[in-house]
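Heads up, the thing below is written out as structure tokens.
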Amino acid sequence: MANSKSPQQLNAQDLVLCSGTVMGASFEQLIAAATAGNFDAISLFPAQYQQARAAGLSDAALRAMLTDNGLCIAELDPLLNWVPGHHFPSDAGMGLVAEDEFYRIADALGARSLNVVWALPQRVPEELLVEAFAALCDRAARHDLLAHIEFLPWAQIDNIHTALRIVAQANRANGGIMFDSWHHFRGGVDNAELLKIPGANIVAVQLNDAPCQAEDNIVEETMARR
């Protein structure tokens, strides 16, 4: 049996296989890919958990698969509906699940963090995002989870500065930023600006490649061209 860390023991030296890298993979295929690549943990889409359970695998079986392969779950990804009164369309094909389902999975399998995304096109008062994120952090803390905002260059939380401002105003010990390199490259913030960001506020990182020149449809590019 391989030695696996608890999710809360993961640190900056541990590598996480992002589920988006193997889009469409089953839970078992995700585990196999992470093991073959010598990763320490995986991120997980709720749909992968739900599909595994529907296929007859119990929570105990899923936990055993993780432990036997020296893996744990880093983040559950993505929580899209977290701002009261503003909901992502259910027919958007994003595998939407309710916030409570993320906590149910975390309680069943363990996880380090919850990845939070504001992907709606409309703008709302920033104080609403701050209040919603603070409340989310409080709920996540009850399940021993960190919560991090992943900024998207086409949405209101469009770069690391905007995300940091919300995290700082929410002022929660378990709140932080998911730094996605592609989103940064397309977000219009100079790399030198990163040196000014407090490192403690970046609690998760996604490294990925991208076309040298941005495409006209950056949403399609981020989903299919990296």
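Following the order of the structure tokens, chains are lettered A, B, ..., residues in each are numbered from 1, and ligands are numbered from 1.
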
Write out as a CSV table (one decimal) with N, CA and C atoms, in the first residue's frame all residues of segment 69-110 of chain A that backbone DSSP assigns to strand (DSSP E or B).
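As written to disk, result32.csv reads:
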chain,number,residue,atom,x,y,z
A,73,ILE,N,-7.3,14.1,-2.3
A,73,ILE,CA,-7.9,15.1,-3.1
A,73,ILE,C,-7.5,16.5,-2.7
A,74,ALA,N,-6.9,17.3,-3.6
A,74,ALA,CA,-6.5,18.6,-3.3
A,74,ALA,C,-7.7,19.5,-3.3
A,75,GLU,N,-8.3,19.8,-4.4
A,75,GLU,CA,-9.4,20.7,-4.5
A,75,GLU,C,-10.6,20.0,-5.2
A,76,LEU,N,-11.8,20.5,-4.8
A,76,LEU,CA,-13.0,20.2,-5.5
A,76,LEU,C,-13.3,21.4,-6.3
A,77,ASP,N,-13.7,21.1,-7.6
A,77,ASP,CA,-13.7,22.2,-8.6
A,77,ASP,C,-14.8,22.0,-9.6
A,78,PRO,N,-15.5,23.0,-10.1
A,78,PRO,CA,-15.5,24.4,-9.6
A,78,PRO,C,-16.9,24.6,-8.9
A,79,LEU,N,-16.9,25.4,-7.9
A,79,LEU,CA,-18.2,25.9,-7.3
A,79,LEU,C,-18.6,27.2,-8.0
A,83,VAL,N,-22.9,33.1,-4.9
A,83,VAL,CA,-23.4,34.5,-4.6
A,83,VAL,C,-24.9,34.5,-4.6
A,86,HIS,N,-27.7,35.1,-7.6
A,86,HIS,CA,-27.1,35.1,-8.9
A,86,HIS,C,-26.6,33.6,-9.2

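For segment 120-134 of chain A, the non-local neighbours within 9 Å, defined as residues at least 4 positions apart in the same chain or in other chains and counting only C-alpha atoms, are A:Leu80, A:Trp82, A:Val83, A:Pro84, A:His86, A:His87, A:Phe88, A:Pro89, A:Val116, A:Asp138, A:Arg139, A:Ala147, A:Ile149, A:Trp154, A:Ala155, A:Gln156, A:Arg165, A:Ile166, A:Val167, A:Ala168, A:Gln169, A:Ala170, A:Asn171, A:Arg172, A:Gly175.
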
With a cut-off of 10 Å, could you pull out the residues of segment 99-195 of chain A touching segment 54-63 of chain A and give me the nearest pair of atoms for each, distance in Å to one decimal, using only C-alpha atoms, ordered by chain and ascending number, as CSV?
residue,atom,partner,partner_atom,distance
A:Ile105,CA,A:Asp59,CA,9.0
A:Ala108,CA,A:Asp59,CA,6.3
A:Leu109,CA,A:Arg63,CA,5.8
A:Gly110,CA,A:Arg63,CA,8.5

- Item | Those of segment 33-169 of chain A in DSSP helix (DSSP H, G or I), formatted as a PyMOL selection string | chain A and resi 33-36+46-54+59-68+99-109+126-141+160-169

- Among listed residues A:Ala12, A:Leu96, A:Ala106, A:Leu164, nearest Cys72 of chain A (using only C-alpha atoms): A:Ala106

- Message: Need the shell around Asp40 of chain A: protein/DNA/RNA residues with any atom at most 8 Å away, counting only C-alpha atoms. Skip same-chain ones fewer than 2 positions apart. Format as a list in words?
- Response: Ser4, Asp14, Leu15, Val16, Leu17, Ala34, Asn38, Ile42, Gly70, Leu71 and Cys72 of chain A

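As for atom CA of Ala173 of chain A and atom CA of Glu99 of chain A, they are spaced 19.9 Å apart.
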
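Excluding segment 196-198 of chain A itself and same-chain residues fewer than 5 positions from it, the residues having an atom within 12 Å of it are Ile160, His161, Thr162, Ala163, Leu164, Arg165, Val167, Ala168, Gly176, Ile177, Phe179, Val189, Asp190, Asn191 and Val203 of chain A, counting only C-alpha atoms.
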
- Task: Name all residues at most 12 Å from Ala33 of chain A (count only C-alpha atoms; drop same-chain ones fewer than 2 positions away) and give them as a PyMOL selection string.
- Result: chain A and resi 16-19+21-23+25-31+35-42+69+71

- Residues near Phe185 of chain A, cut-off 12 Å, only C-alpha atoms, skip fewer than 5 positions along chain, as a VMD selection string: chain A and resid 151 to 153 158 to 160 179 to 180 190 to 191 194 207 to 214 218 222

- Query: Counting only C-alpha atoms, what is within 7 Å of Leu145 of chain A, bar same-chain residues fewer than 4 positions away, as a PyMOL selection string?
  - Reply: chain A and resi 111-114+140-141
